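Q: CSV, C-alpha atoms and all ligand atoms, file data.csv:
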```csv
chain,number,residue,atom,x,y,z
G,18,MET,CA,-54.3,82.1,-18.8
G,19,SER,CA,-53.8,79.2,-16.4
G,20,LYS,CA,-51.8,79.7,-13.3
G,21,ARG,CA,-48.2,78.7,-13.3
G,22,MET,CA,-48.5,76.0,-10.6
G,23,HIS,CA,-52.0,74.8,-11.5
G,24,GLY,CA,-52.6,71.2,-10.3
G,25,LYS,CA,-49.2,70.8,-8.7
G,26,ILE,CA,-48.8,69.1,-5.2
G,27,VAL,CA,-46.1,70.9,-3.3
G,28,LEU,CA,-44.4,70.2,0.1
G,29,VAL,CA,-42.5,73.1,1.7
G,30,THR,CA,-40.6,72.6,4.9
G,31,GLY,CA,-40.0,75.3,7.5
G,32,GLY,CA,-43.2,77.2,6.9
G,33,ALA,CA,-43.9,78.5,10.4
G,34,SER,CA,-41.6,81.5,10.6
G,35,ARG,CA,-43.1,84.8,9.5
G,36,PRO,CA,-41.4,86.7,8.1
G,37,GLY,CA,-39.7,83.6,6.8
G,38,LEU,CA,-38.8,82.1,3.4
G,39,GLY,CA,-41.0,79.0,3.7
G,40,ALA,CA,-44.1,81.0,4.4
G,41,ALA,CA,-43.4,83.3,1.5
G,42,ILE,CA,-42.7,80.4,-0.8
G,43,GLY,CA,-45.9,78.6,0.3
G,44,GLU,CA,-47.9,81.8,-0.3
G,45,ARG,CA,-46.4,82.5,-3.8
G,46,LEU,CA,-46.9,78.9,-5.0
G,47,ALA,CA,-50.4,78.8,-3.7
G,48,ASP,CA,-51.1,82.1,-5.4
G,49,GLU,CA,-50.1,80.4,-8.7
G,50,GLY,CA,-52.6,77.5,-8.1
G,51,ALA,CA,-50.5,74.9,-6.3
G,52,THR,CA,-51.9,72.7,-3.5
G,53,VAL,CA,-49.4,73.4,-0.8
G,54,VAL,CA,-48.5,71.3,2.3
G,55,LEU,CA,-46.4,73.3,4.7
G,56,SER,CA,-44.4,71.5,7.4
G,57,ASP,CA,-42.5,72.6,10.5
G,58,VAL,CA,-41.5,71.5,14.0
G,59,ASP,CA,-43.6,74.5,15.2
G,60,LEU,CA,-47.1,73.1,14.5
G,61,PRO,CA,-49.1,76.1,15.8
G,62,GLY,CA,-46.9,78.5,13.8
G,63,VAL,CA,-47.2,76.5,10.5
G,64,GLU,CA,-51.0,76.1,11.0
G,65,GLU,CA,-51.2,79.9,11.2
G,66,THR,CA,-49.3,80.3,8.0
G,67,ALA,CA,-51.6,77.8,6.2
G,68,ALA,CA,-54.6,79.6,7.6
G,69,LEU,CA,-53.3,83.0,6.3
G,70,ILE,CA,-52.8,81.4,2.8
G,71,ARG,CA,-56.3,80.0,2.8
G,72,GLU,CA,-57.7,83.4,3.8
G,73,LYS,CA,-56.1,84.8,0.6
G,74,GLY,CA,-57.8,82.1,-1.4
G,75,GLY,CA,-54.9,79.6,-1.6
G,76,ASP,CA,-55.1,75.8,-1.0
G,77,ALA,CA,-52.8,75.2,2.0
G,78,SER,CA,-52.6,72.7,4.9
G,79,ALA,CA,-50.1,72.3,7.7
G,80,VAL,CA,-48.3,69.3,9.3
G,81,LYS,CA,-45.9,68.8,12.2
G,82,HIS,CA,-42.5,67.6,10.9
G,83,ASP,CA,-38.9,67.5,12.3
G,84,VAL,CA,-36.8,67.3,9.1
G,85,ALA,CA,-34.0,65.7,11.0
G,86,SER,CA,-36.2,62.6,11.6
G,87,GLN,CA,-36.4,59.8,9.1
G,88,ASP,CA,-39.7,58.6,10.6
G,89,ASP,CA,-41.2,62.0,10.3
G,90,TRP,CA,-40.2,62.2,6.6
G,91,ASP,CA,-41.7,58.8,5.9
G,92,GLN,CA,-44.9,59.7,7.6
G,93,VAL,CA,-45.3,63.2,6.1
G,94,VAL,CA,-44.7,62.1,2.5
G,95,ALA,CA,-46.9,59.0,3.0
G,96,ASP,CA,-49.7,61.3,4.2
G,97,VAL,CA,-49.2,63.6,1.2
G,98,LEU,CA,-49.4,60.7,-1.2
G,99,ALA,CA,-52.5,59.2,0.6
G,100,LYS,CA,-54.3,62.6,0.5
G,101,HIS,CA,-53.2,64.1,-2.8
G,102,GLY,CA,-52.0,61.0,-4.9
G,103,ARG,CA,-48.6,62.3,-5.7
G,104,LEU,CA,-45.8,64.8,-4.9
G,105,ASP,CA,-44.7,67.1,-7.7
G,106,VAL,CA,-42.5,69.6,-5.8
G,107,LEU,CA,-40.4,69.4,-2.6
G,108,VAL,CA,-38.9,72.6,-1.3
G,109,ASN,CA,-36.3,71.7,1.4
G,110,ASN,CA,-36.4,75.1,3.1
G,111,ALA,CA,-36.2,74.4,6.8
G,112,GLY,CA,-32.8,75.3,8.2
G,113,ILE,CA,-31.0,76.6,11.3
G,114,LEU,CA,-28.2,79.1,11.7
G,115,GLU,CA,-25.9,79.2,14.7
G,116,VAL,CA,-23.0,81.8,14.6
G,117,ALA,CA,-20.1,80.0,16.3
G,118,PRO,CA,-16.5,81.1,15.6
G,119,VAL,CA,-14.2,78.1,15.0
G,120,SER,CA,-12.3,78.7,18.3
G,121,SER,CA,-15.5,78.9,20.4
G,122,ASP,CA,-16.6,76.1,22.7
G,123,ARG,CA,-19.8,75.7,20.7
G,124,ALA,CA,-18.1,75.3,17.3
G,125,VAL,CA,-18.2,71.5,16.9
G,126,ALA,CA,-21.6,71.1,18.6
G,127,ALA,CA,-23.0,73.8,16.2
G,128,LEU,CA,-21.5,72.0,13.2
G,129,ARG,CA,-23.2,68.7,14.3
G,130,SER,CA,-26.6,70.3,14.9
G,131,GLN,CA,-26.6,72.4,11.7
G,132,PHE,CA,-25.6,69.4,9.7
G,133,ASP,CA,-28.4,67.4,11.2
G,134,VAL,CA,-31.1,69.8,10.1
G,135,ASN,CA,-29.6,71.6,7.1
G,136,VAL,CA,-27.8,68.6,5.4
G,137,VAL,CA,-29.2,65.3,6.8
G,138,GLY,CA,-32.8,66.8,6.8
G,139,SER,CA,-32.6,68.0,3.2
G,140,PHE,CA,-30.9,64.8,2.2
G,141,ILE,CA,-33.5,62.5,3.7
G,142,GLY,CA,-36.2,64.7,2.1
G,143,THR,CA,-34.5,64.4,-1.3
G,144,GLN,CA,-34.4,60.7,-0.9
G,145,VAL,CA,-38.0,60.3,0.1
G,146,ALA,CA,-39.1,62.7,-2.6
G,147,VAL,CA,-37.2,61.0,-5.4
G,148,ARG,CA,-38.9,57.7,-4.5
G,149,ALA,CA,-42.3,59.4,-4.5
G,150,MET,CA,-41.7,61.3,-7.7
G,151,ARG,CA,-40.6,58.2,-9.6
G,152,GLN,CA,-44.1,56.8,-9.1
G,153,SER,CA,-45.7,59.7,-10.9
G,154,GLY,CA,-43.2,60.3,-13.7
G,155,GLY,CA,-41.1,63.2,-12.3
G,156,GLY,CA,-40.9,66.3,-10.2
G,157,SER,CA,-38.8,69.2,-9.0
G,158,ILE,CA,-36.8,69.3,-5.8
G,159,VAL,CA,-35.5,72.8,-4.6
G,160,ASN,CA,-32.9,72.7,-1.9
G,161,MET,CA,-32.3,75.9,0.1
G,162,SER,CA,-28.6,76.6,0.3
G,163,SER,CA,-27.2,80.2,0.9
G,164,VAL,CA,-24.6,82.6,-0.3
G,165,ALA,CA,-22.7,81.0,2.6
G,166,GLY,CA,-22.6,77.9,0.4
G,167,ILE,CA,-20.7,80.0,-2.2
G,168,VAL,CA,-18.3,82.2,-0.3
G,169,GLY,CA,-17.0,82.3,3.3
G,170,PHE,CA,-18.7,84.1,6.2
G,171,ARG,CA,-16.7,85.1,9.2
G,172,GLY,CA,-18.0,83.4,12.4
G,173,SER,CA,-20.2,81.0,10.4
G,174,ALA,CA,-17.9,78.2,9.3
G,175,SER,CA,-20.2,75.4,10.4
G,176,TYR,CA,-23.3,77.0,8.8
G,177,ALA,CA,-21.3,77.6,5.6
G,178,ALA,CA,-20.1,74.0,5.6
G,179,SER,CA,-23.7,72.8,5.9
G,180,LYS,CA,-24.8,75.0,3.0
G,181,GLY,CA,-21.9,74.0,0.8
G,182,ALA,CA,-22.8,70.4,1.4
G,183,VAL,CA,-26.4,71.1,0.4
G,184,LYS,CA,-25.2,72.6,-2.9
G,185,LEU,CA,-22.9,69.6,-3.8
G,186,PHE,CA,-25.2,66.7,-2.8
G,187,SER,CA,-27.9,68.4,-4.8
G,188,LYS,CA,-25.8,68.5,-8.0
G,189,SER,CA,-24.8,64.8,-7.5
G,190,VAL,CA,-28.4,63.7,-7.0
G,191,ALA,CA,-29.4,65.8,-10.0
G,192,LEU,CA,-27.1,63.6,-12.1
G,193,GLU,CA,-28.6,60.4,-10.6
G,194,VAL,CA,-32.2,61.2,-11.4
G,195,ALA,CA,-32.1,63.5,-14.5
G,196,ALA,CA,-33.1,60.8,-16.9
G,197,GLU,CA,-36.2,60.1,-14.7
G,198,ASN,CA,-37.5,63.7,-15.2
G,199,ILE,CA,-36.7,64.6,-11.6
G,200,ARG,CA,-34.9,67.9,-11.3
G,201,VAL,CA,-32.8,69.0,-8.3
G,202,ASN,CA,-31.6,72.6,-8.0
G,203,THR,CA,-30.3,74.9,-5.2
G,204,VAL,CA,-31.3,78.4,-4.3
G,205,HIS,CA,-28.7,80.7,-2.6
G,206,PRO,CA,-30.3,83.6,-0.8
G,207,GLY,CA,-28.3,86.6,0.2
G,208,ILE,CA,-29.3,88.6,3.3
G,209,ILE,CA,-33.1,88.4,3.5
G,210,ARG,CA,-35.2,90.0,6.1
G,211,THR,CA,-36.6,87.1,8.2
G,212,ASN,CA,-36.6,85.9,11.8
G,213,MET,CA,-33.4,84.0,11.2
G,214,GLN,CA,-31.6,87.0,9.9
G,215,ASP,CA,-32.9,89.2,12.8
G,216,GLN,CA,-31.4,86.8,15.3
G,217,GLY,CA,-28.2,86.2,13.2
G,218,ALA,CA,-27.7,90.0,12.8
G,219,ASP,CA,-28.2,90.5,16.5
G,220,SER,CA,-25.8,87.8,17.6
G,221,ASN,CA,-23.2,89.1,15.1
G,222,SER,CA,-23.6,92.5,16.6
G,223,ASP,CA,-23.9,93.6,12.9
G,224,ASN,CA,-26.6,95.9,11.8
G,225,TYR,CA,-28.7,96.0,8.8
G,226,ALA,CA,-27.4,99.4,7.7
G,227,ALA,CA,-23.8,98.1,7.5
G,228,ILE,CA,-25.0,95.0,5.6
G,229,GLU,CA,-27.0,97.0,3.2
G,230,ALA,CA,-24.0,99.2,2.3
G,231,ALA,CA,-22.2,96.0,1.1
G,232,ILE,CA,-25.1,94.9,-1.2
G,233,PRO,CA,-24.7,96.3,-4.8
G,234,ALA,CA,-28.5,96.5,-5.2
G,235,GLY,CA,-28.6,98.8,-2.2
G,236,ARG,CA,-31.1,96.9,-0.2
G,237,LEU,CA,-31.7,93.7,1.8
G,238,GLY,CA,-33.7,91.0,0.1
G,239,GLU,CA,-37.3,90.4,0.8
G,240,PRO,CA,-38.8,86.8,1.2
G,241,THR,CA,-40.7,87.3,-2.1
G,242,ASP,CA,-37.4,87.7,-4.0
G,243,ILE,CA,-36.6,84.2,-3.0
G,244,ALA,CA,-40.2,82.9,-3.5
G,245,ASN,CA,-40.1,84.1,-7.1
G,246,CYS,CA,-37.0,82.2,-7.9
G,247,VAL,CA,-38.4,79.0,-6.3
G,248,LEU,CA,-41.6,79.5,-8.3
G,249,PHE,CA,-39.6,79.3,-11.5
G,250,LEU,CA,-37.7,76.2,-10.4
G,251,ALA,CA,-40.9,74.5,-9.2
G,252,SER,CA,-42.9,75.2,-12.3
G,253,ASP,CA,-42.7,73.7,-15.8
G,254,GLU,CA,-40.9,76.8,-17.0
G,255,SER,CA,-37.7,75.2,-15.8
G,256,THR,CA,-38.0,71.7,-17.2
G,257,TYR,CA,-34.5,71.9,-18.7
G,258,VAL,CA,-32.9,73.2,-15.5
G,259,THR,CA,-31.2,70.7,-13.2
G,260,GLY,CA,-28.1,70.5,-11.0
G,261,ALA,CA,-27.9,74.3,-11.1
G,262,GLU,CA,-27.4,76.9,-8.4
G,263,PHE,CA,-29.5,80.1,-8.3
G,264,VAL,CA,-27.9,83.0,-6.4
G,265,VAL,CA,-30.5,85.6,-5.3
G,266,ASP,CA,-28.4,88.2,-3.5
G,267,GLY,CA,-28.6,91.6,-5.0
G,268,GLY,CA,-25.1,91.1,-6.5
G,269,TYR,CA,-23.4,90.5,-3.1
G,270,THR,CA,-21.3,87.6,-4.2
G,271,ALA,CA,-20.5,89.1,-7.6
G,272,GLN,CA,-17.9,91.4,-6.1
B,301,LIG,N1,-32.9,84.7,5.8
B,301,LIG,C1,-31.8,84.7,5.1
B,301,LIG,O1,-31.1,85.7,5.0
B,301,LIG,C2,-31.2,83.4,4.5
B,301,LIG,C3,-30.1,83.5,3.7
B,301,LIG,C4,-29.6,82.3,3.1
B,301,LIG,C5,-30.2,81.1,3.4
B,301,LIG,N2,-31.3,81.0,4.2
B,301,LIG,C6,-31.9,79.7,4.3
B,301,LIG,O2,-33.3,79.8,4.0
B,301,LIG,C7,-34.0,78.8,4.8
B,301,LIG,C8,-35.2,79.6,5.5
B,301,LIG,O3,-34.6,80.6,6.3
B,301,LIG,P1,-35.5,81.7,7.1
B,301,LIG,O4,-34.7,82.9,7.0
B,301,LIG,O5,-36.9,81.7,6.6
B,301,LIG,O6,-35.3,81.1,8.5
B,301,LIG,P2,-36.3,81.2,9.8
B,301,LIG,O7,-35.5,80.9,11.0
B,301,LIG,O8,-37.0,82.5,9.8
B,301,LIG,O9,-37.3,80.0,9.6
B,301,LIG,C9,-36.9,78.6,9.6
B,301,LIG,C10,-38.1,77.7,9.8
B,301,LIG,O10,-37.5,76.4,9.9
B,301,LIG,C11,-38.1,75.7,11.0
B,301,LIG,N3,-37.3,74.6,11.4
B,301,LIG,C12,-36.1,74.7,12.1
B,301,LIG,N4,-35.6,73.5,12.4
B,301,LIG,C13,-36.5,72.6,11.9
B,301,LIG,C14,-36.6,71.2,11.8
B,301,LIG,N5,-35.7,70.4,12.4
B,301,LIG,N6,-37.7,70.6,11.2
B,301,LIG,C15,-38.6,71.4,10.6
B,301,LIG,N7,-38.6,72.7,10.6
B,301,LIG,C16,-37.6,73.3,11.3
B,301,LIG,C17,-38.3,76.8,12.0
B,301,LIG,O11,-39.2,76.4,13.0
B,301,LIG,C18,-38.7,78.0,11.2
B,301,LIG,O12,-40.1,78.0,11.1
B,301,LIG,C19,-33.0,78.2,5.7
B,301,LIG,O13,-32.6,77.0,5.2
B,301,LIG,C20,-31.9,79.2,5.8
B,301,LIG,O14,-30.6,78.6,6.1
B,301,LIG,C21,-31.8,82.1,4.7
```
Would you encode the structure as structure tokens?
Ligand SMILES: NC(=O)c1ccc[n+]([C@@H]2O[C@H](COP(=O)([O-])OP(=O)(O)OC[C@H]3O[C@@H](n4cnc5c(N)ncnc54)[C@H](O)[C@@H]3O)[C@@H](O)[C@H]2O)c1
A:
Amino acid sequence: MSKRMHGKIVLVTGGASRPGLGAAIGERLADEGATVVLSDVDLPGVEETAALIREKGGDASAVKHDVASQDDWDQVVADVLAKHGRLDVLVNNAGILEVAPVSSDRAVAALRSQFDVNVVGSFIGTQVAVRAMRQSGGGSIVNMSSVAGIVGFRGSASYAASKGAVKLFSKSVALEVAAENIRVNTVHPGIIRTNMQDQGADSNSDNYAAIEAAIPAGRLGEPTDIANCVLFLASDESTYVTGAEFVVDGGYTAQ
């Protein structure tokens, strides 16, 4: 049986962090036969992720990329097209979280910086990917939102605003490009064990045990839980799925 991503050219942003969602997504897609380009502002980190994937037999390379920069996007996607001929899948995974209660001095600055990376970064990526995918007859764009794009989180108003924006611009773009065989969906992870979550949990002075108690499935998520959902959306198994939101949270937001 052929692998689920056989022959697909994939770009995943934010691949340096380990444990991190981008690295897990890159590994899972490569495992299913994709040619994976991983990008990140942290070049040594993302090169290490790509090397680890290659050690396991996957096809992966790494590139330096600040997703908030239009020039970087133009260069990164031009390079993918020059090297691989097309772009089939873009996973806009790179993102930042800053806990900043609305009354704190950091609140507005945090809003601006998170919008720059989480919203503007994913938006430019979506634009550049749509243009590239048009040339090859279609593709799949997966934008990383959050359960914070579905329900409120105390202390994280600016992060939640950015993730809500990702959800709704994605649905709107899905409508624009559906007839061109380009699909746009969002993934909404719950609380997943990654570097981001470690830092967020610390600065919240929360702890994992308390969070775990509030999750119906009784455990935090693992990066592979998210990677498996992205795999479905990236593959041809989801060709009739667009403009949709996929919550992967152990039942957290069902309550
Ligand atoms: N971990 C969770 O519980 C969780 C939950 C919901 C949503 N998310 C979302 O999933 C995505 C990945 O999260 P994670 O937990 O792996 O985070 P992480 O902090 O572990 O990794 C994020 C990666 O993005 C990179 N990055 C940051 N700014 C960048 C920029 N401007 N350009 C390029 N790369 C940049 C970082 O260097 C890092 O490698 C994010 O969009 C995050 O908001 C995570």
Q: Give the residue list for ligand LIG 301 (chain B) at 7 Å, counting all atoms listed in the file, as a VMD selection string, sorted by chain and then by residue number.
A: chain G and resid 30 to 39 56 to 59 82 to 85 110 to 114 134 to 135 161 to 164 205 to 214
Q: Pick out the closest residue to Val108 of chain G from this set: G:Val147, G:Ala182, G:Val137, G:Val29. Count all atoms listed in the file.
A: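 Among the listed residues, the smallest separation from Val108 of chain G belongs to G:Val29.
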Q: Using all atoms listed in the file, find the one residue out of G:Glu262, G:Glu197, G:Asp215, G:Asp96 that sits nearest to Lys184 of chain G.
A: G:Glu262
Q: Let me make sure I understand: among G:Asp122, G:Phe186, G:Lys20, G:Ala177, which one has the smallest atom-to-atom distance to Ile141 of chain G if we use all atoms listed in the file?
A: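 Smallest separation from Ile141 of chain G among the options: G:Phe186.
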Q: Provide the atom CA of Val145 of chain G to atom CA of Glu49 of chain G distance in Å, to one decimal place.
A: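 Straight-line distance from atom CA of Val145 of chain G to atom CA of Glu49 of chain G works out to 25.1 Å.
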Q: Using atom CA of Ser130 of chain G and atom CA of Val264 of chain G as the two end points, give the distance in Å to one decimal.
A: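 Answer for the atom CA of Ser130 of chain G to atom CA of Val264 of chain G separation: 24.8 Å.
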Q: Figure out the distance between atom CA of Ala51 of chain G and atom CA of Gly74 of chain G, please, to one decimal in Å.
A: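 Taking atom CA of Gly74 of chain G and atom CA of Ala51 of chain G, their separation equals 11.4 Å.
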Q: Set out as a tab-separated table a contact list for segment 47-119 of chain G and segment 23-26 of chain G with a cut-off of 6 Å, giving each residue of segment 47-119 of chain G that qualifies its closest atom pair and distance in Å to one decimal, counting all atoms listed in the file, ordered by chain and rising residue number.
A:
```
residue	atom	partner	partner_atom	distance
G:Gly50	CA	G:His23	CA	4.4
G:Ala51	CA	G:Lys25	CA	4.9
G:Thr52	CA	G:Ile26	CA	5.0
G:Leu104	CA	G:Ile26	CA	5.3
G:Asp105	CA	G:Ile26	CA	5.2
```
Q: Set the distance at 6 Å and use only C-alpha atoms: which residues neighbour Val136 of chain G once local chain neighbours fewer than 4 positions away are removed? I'd like the list as a list in words.
A: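 So, after excluding close chain neighbours, the residues are Phe132, Phe140, Ser179 and Val183 of chain G.
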Q: Within 9 Å of Lys188 of chain G, counting only C-alpha atoms, which residues show up once you throw out same-chain ones fewer than 2 positions away? Write them as a list in words, please.
A: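 Once the nearby chain positions are removed, what remains is Val183, Lys184, Leu185, Phe186, Val190, Ala191, Leu192, Glu193, Val201, Asn202, Thr203, Thr259, Gly260, Ala261 and Glu262 of chain G.
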Q: Using only C-alpha atoms, find the one residue out of G:Gln144, G:Thr66, G:Thr241, G:Gln152 that sits nearest to Ile42 of chain G.
A: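 Of all the options, G:Thr241 lies closest to Ile42 of chain G.
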